[in-house]
Amino acid sequence: MNSRRTFIKQSGLLSAGLMMTPSDLLKKQKIAGIQLYSVRDEIVKDPKAVIKKVAGAGYNEVEMYGLSAENKFYGLTVTELAQVLKNNNLKSPSGHYMPEKFLFENGNGDDVKNFCEVGHALGHKYIIIPYLAAERRKTIEQYKALAERMNKAGEICKTANLQLAYHNHDFEFIDMNGEHGYDMFLNNTDRNLVKMELDLYWVVRAGYDPVTMFKKHPGRFELWHVKDMDKADKTKNTEVGNGTVDFKNIFANAKLSGVKHYMVEQENNYAPDIFTSIKTSCSYTKNKLIR
């Protein structure tokens, strides 16, 4: 009896497979991620419930933020968080971490190594520097010195089989006597040691064209923050597809960019609420943008 049931079941699967066209078989799953900072006000209250909602909104990947001095995320140990992600069929290819001591105090690299250990436990591929405090970016010389330290941090990550990357805002594009901090990073870091997570909203808000950047530095931008700009107020975000960022043109040049991971982010101006917003953005990203 069992063998007969197995035969019927297998025959049914085979028939379904034969009905699929070659193009159907070649279609790959569209993968969209989210930077969990998008749900920061909610995740600190109940991380397990929020992560479940994130998965329910259609996301396949999450980008971490918020590691505490005790090596916890939102009150969860790294091991506990890894299990929560697994329970919800979510992967975490990247996380935002700031190795202050190594980058700015010529530390011995212990902070970078700790982030690498956390990254391994969560299945990361990338350790991402997320931000520069105002006092760290006053001069072009500071950017140049930081580029040198980023190369060294990238070597530590490479030894741990991880990739260092840098996430931008708009301040890196401020003119400093004809030079820009972002160009300093691109031109003075080893492209194999330091990749870029390009925040598309901040690039556009700074007055630059992401596609022009792709052409100048092809293959360098392995992660994107997919974040839209409100039509009425450029200082605000909106759901992906509802704003002014020309995502269709940007995504048409995805191969040139070298992008491997798309991370939706929305920091404010949710309509009508946070979870509806992130679901709207995920649906648009998967159905209208990713090819």
# chains A, B, ... in the order shown; residues from 1 in each chain; ligands from 1
call {"tool": "residues_around", "arguments": {"residues": "Asp111 of chain A", "least_positions_apart": "2", "cutoff": "9 Å", "atoms": "only C-alpha atoms", "output": "list of chain:residue names"}}
result
A:Met98, A:Pro99, A:Glu100, A:Lys101, A:Phe102, A:Gly107, A:Asn108, A:Gly109, A:Lys113, A:Asn114, A:Phe115, A:Cys116
call {"tool": "residues_around", "arguments": {"residues": "segment 215-219 of chain A", "least_positions_apart": "6", "cutoff": "12 Å", "atoms": "only C-alpha atoms", "output": "list in words"}}
result
Tyr182, Asp183, Phe185, Leu186, Asn187, Arg191, Asn192, Val194, Lys195, Met196, Glu197, Leu198, Asp209, Ile250, Asn253, Ala254, Lys255, Leu256, Ser257, Gly258, Val259 and Lys260 of chain A
call {"tool": "residues_around", "arguments": {"residues": "Ile156 of chain A", "least_positions_apart": "5", "cutoff": "10 Å", "atoms": "only C-alpha atoms", "output": "list in words"}}
result
Gly109, Asp110, Val112, Lys113, Cys116, Met150, Asn151, Asn161, Leu162, Gln163, Leu164 and Leu193 of chain A
call {"tool": "closest_residue", "arguments": {"among": "A:Ile34, A:Leu122, A:Ile127, A:Val54", "to": "Thr77 of chain A", "atoms": "only C-alpha atoms"}}
result
A:Leu122
call {"tool": "closest_residue", "arguments": {"among": "A:Gly56, A:Gly95, A:Gly119, A:Gly241", "to": "Val78 of chain A", "atoms": "only C-alpha atoms"}}
result
A:Gly119
call {"tool": "atom_distance", "arguments": {"atom1": "atom CA of Asp233 of chain A", "atom2": "atom CA of Lys286 of chain A"}}
result
25.6 Å
call {"tool": "atom_distance", "arguments": {"atom1": "atom CA of Pro130 of chain A", "atom2": "atom CA of Asn71 of chain A"}}
result
17.4 Å
call {"tool": "atom_distance", "arguments": {"atom1": "atom CA of Tyr65 of chain A", "atom2": "atom CA of Val44 of chain A"}}
result
11.5 Å
call {"tool": "select_by_dssp", "arguments": {"residues": "segment 86-189 of chain A", "states": "helix (DSSP H, G or I)", "output": "VMD selection string"}}
result
chain A and resid 86 to 87 100 to 104 110 to 122 134 to 136 140 to 159 171 to 173 181 to 188
call {"tool": "closest_residue", "arguments": {"among": "A:Ile140, A:Val118, A:Ala153, A:Ala252", "to": "Val211 of chain A", "atoms": "only C-alpha atoms"}}
result
A:Ala252
call {"tool": "closest_residue", "arguments": {"among": "A:Gly66, A:Asn87, A:Lys28, A:Thr79", "to": "Lys52 of chain A", "atoms": "only C-alpha atoms"}}
result
A:Asn87
call {"tool": "closest_residue", "arguments": {"among": "A:His124, A:Trp224, A:Phe214, A:Ala69", "to": "Asn168 of chain A", "atoms": "only C-alpha atoms"}}
result
A:Trp224
call {"tool": "residues_around", "arguments": {"residues": "segment 280-282 of chain A", "least_positions_apart": "4", "cutoff": "8 Å", "atoms": "only C-alpha atoms", "output": "count of residues only"}}
result
10
call {"tool": "closest_residue", "arguments": {"among": "A:Lys53, A:Lys248, A:His96, A:Lys86", "to": "His167 of chain A", "atoms": "only C-alpha atoms"}}
result
A:His96
call {"tool": "closest_atom_pairs", "arguments": {"of": "segment 122-181 of chain A", "to": "segment 205-208 of chain A", "cutoff": "10 Å", "atoms": "only C-alpha atoms", "output": "JSON lines"}}
result
{"residue": "A:His169", "atom": "CA", "partner": "A:Ala206", "partner_atom": "CA", "distance": 8.6}
{"residue": "A:Asp170", "atom": "CA", "partner": "A:Ala206", "partner_atom": "CA", "distance": 5.3}
{"residue": "A:Phe171", "atom": "CA", "partner": "A:Ala206", "partner_atom": "CA", "distance": 7.9}
{"residue": "A:Glu172", "atom": "CA", "partner": "A:Ala206", "partner_atom": "CA", "distance": 9.0}
{"residue": "A:Phe173", "atom": "CA", "partner": "A:Ala206", "partner_atom": "CA", "distance": 6.6}
{"residue": "A:Ile174", "atom": "CA", "partner": "A:Ala206", "partner_atom": "CA", "distance": 8.1}
call {"tool": "select_by_dssp", "arguments": {"residues": "segment 80-221 of chain A", "states": "strand (DSSP E or B)", "output": "ChimeraX atom specification"}}
result
/A:91-96,126-129,163-167,176,179,194-199
call {"tool": "write_last_selection", "arguments": {"atoms": "N, CA and C atoms", "output": "PDB file, in the first residue's frame"}}
result
ATOM      1  N   LYS A  91      16.986  34.569   6.141  1.00  0.00           N
ATOM      2  CA  LYS A  91      18.439  34.581   6.174  1.00  0.00           C
ATOM      3  C   LYS A  91      18.899  36.002   6.488  1.00  0.00           C
ATOM      4  N   SER A  92      20.105  36.111   7.017  1.00  0.00           N
ATOM      5  CA  SER A  92      20.665  37.424   7.332  1.00  0.00           C
ATOM      6  C   SER A  92      22.053  37.548   6.726  1.00  0.00           C
ATOM      7  N   PRO A  93      22.126  38.032   5.486  1.00  0.00           N
ATOM      8  CA  PRO A  93      23.429  38.113   4.811  1.00  0.00           C
ATOM      9  C   PRO A  93      24.313  39.247   5.305  1.00  0.00           C
ATOM     10  N   SER A  94      23.731  40.182   6.074  1.00  0.00           N
ATOM     11  CA  SER A  94      24.514  41.363   6.436  1.00  0.00           C
ATOM     12  C   SER A  94      24.021  41.983   7.733  1.00  0.00           C
ATOM     13  N   GLY A  95      24.899  42.798   8.327  1.00  0.00           N
ATOM     14  CA  GLY A  95      24.536  43.514   9.537  1.00  0.00           C
ATOM     15  C   GLY A  95      25.337  44.792   9.638  1.00  0.00           C
ATOM     16  N   HIS A  96      24.772  45.782  10.326  1.00  0.00           N
ATOM     17  CA  HIS A  96      25.443  47.061  10.549  1.00  0.00           C
ATOM     18  C   HIS A  96      26.151  47.039  11.896  1.00  0.00           C
ATOM     19  N   TYR A 126      28.412  39.813   4.978  1.00  0.00           N
ATOM     20  CA  TYR A 126      28.943  41.173   5.021  1.00  0.00           C
ATOM     21  C   TYR A 126      28.873  41.772   6.421  1.00  0.00           C
ATOM     22  N   ILE A 127      29.948  42.462   6.797  1.00  0.00           N
ATOM     23  CA  ILE A 127      29.984  43.309   7.980  1.00  0.00           C
ATOM     24  C   ILE A 127      30.002  44.743   7.452  1.00  0.00           C
ATOM     25  N   ILE A 128      28.989  45.533   7.816  1.00  0.00           N
ATOM     26  CA  ILE A 128      28.817  46.838   7.184  1.00  0.00           C
ATOM     27  C   ILE A 128      28.983  47.980   8.186  1.00  0.00           C
ATOM     28  N   ILE A 129      29.854  48.917   7.834  1.00  0.00           N
ATOM     29  CA  ILE A 129      30.018  50.143   8.623  1.00  0.00           C
ATOM     30  C   ILE A 129      28.849  51.056   8.265  1.00  0.00           C
ATOM     31  N   GLN A 163      33.059  39.776   4.229  1.00  0.00           N
ATOM     32  CA  GLN A 163      33.344  40.941   3.405  1.00  0.00           C
ATOM     33  C   GLN A 163      32.957  42.215   4.141  1.00  0.00           C
ATOM     34  N   LEU A 164      33.868  43.167   4.218  1.00  0.00           N
ATOM     35  CA  LEU A 164      33.543  44.470   4.791  1.00  0.00           C
ATOM     36  C   LEU A 164      32.855  45.317   3.726  1.00  0.00           C
ATOM     37  N   ALA A 165      31.908  46.155   4.173  1.00  0.00           N
ATOM     38  CA  ALA A 165      31.249  47.091   3.264  1.00  0.00           C
ATOM     39  C   ALA A 165      30.951  48.380   4.018  1.00  0.00           C
ATOM     40  N   TYR A 166      30.637  49.423   3.250  1.00  0.00           N
ATOM     41  CA  TYR A 166      30.344  50.728   3.843  1.00  0.00           C
ATOM     42  C   TYR A 166      28.996  51.222   3.340  1.00  0.00           C
ATOM     43  N   HIS A 167      28.165  51.713   4.272  1.00  0.00           N
ATOM     44  CA  HIS A 167      26.840  52.257   3.950  1.00  0.00           C
ATOM     45  C   HIS A 167      26.880  53.777   4.030  1.00  0.00           C
ATOM     46  N   MET A 176      34.251  69.307  -0.442  1.00  0.00           N
ATOM     47  CA  MET A 176      35.321  69.753   0.439  1.00  0.00           C
ATOM     48  C   MET A 176      36.490  70.200  -0.422  1.00  0.00           C
ATOM     49  N   GLU A 179      36.708  68.029  -3.398  1.00  0.00           N
ATOM     50  CA  GLU A 179      36.779  66.595  -3.124  1.00  0.00           C
ATOM     51  C   GLU A 179      35.572  66.156  -2.305  1.00  0.00           C
ATOM     52  N   VAL A 194      36.862  46.216   0.472  1.00  0.00           N
ATOM     53  CA  VAL A 194      35.774  47.089   0.911  1.00  0.00           C
ATOM     54  C   VAL A 194      34.757  47.259  -0.219  1.00  0.00           C
ATOM     55  N   LYS A 195      33.587  46.675  -0.040  1.00  0.00           N
ATOM     56  CA  LYS A 195      32.487  46.864  -0.973  1.00  0.00           C
ATOM     57  C   LYS A 195      31.599  48.001  -0.463  1.00  0.00           C
ATOM     58  N   MET A 196      30.594  48.354  -1.257  1.00  0.00           N
ATOM     59  CA  MET A 196      29.697  49.439  -0.889  1.00  0.00           C
ATOM     60  C   MET A 196      28.254  48.950  -0.800  1.00  0.00           C
ATOM     61  N   GLU A 197      27.595  49.401   0.261  1.00  0.00           N
ATOM     62  CA  GLU A 197      26.139  49.243   0.334  1.00  0.00           C
ATOM     63  C   GLU A 197      25.574  50.616  -0.015  1.00  0.00           C
ATOM     64  N   LEU A 198      25.040  50.755  -1.207  1.00  0.00           N
ATOM     65  CA  LEU A 198      24.603  52.052  -1.694  1.00  0.00           C
ATOM     66  C   LEU A 198      23.170  52.328  -1.247  1.00  0.00           C
ATOM     67  N   ASP A 199      23.015  53.375  -0.441  1.00  0.00           N
ATOM     68  CA  ASP A 199      21.679  53.816  -0.053  1.00  0.00           C
ATOM     69  C   ASP A 199      21.173  54.739  -1.150  1.00  0.00           C
TER      70      ASP A 199
END
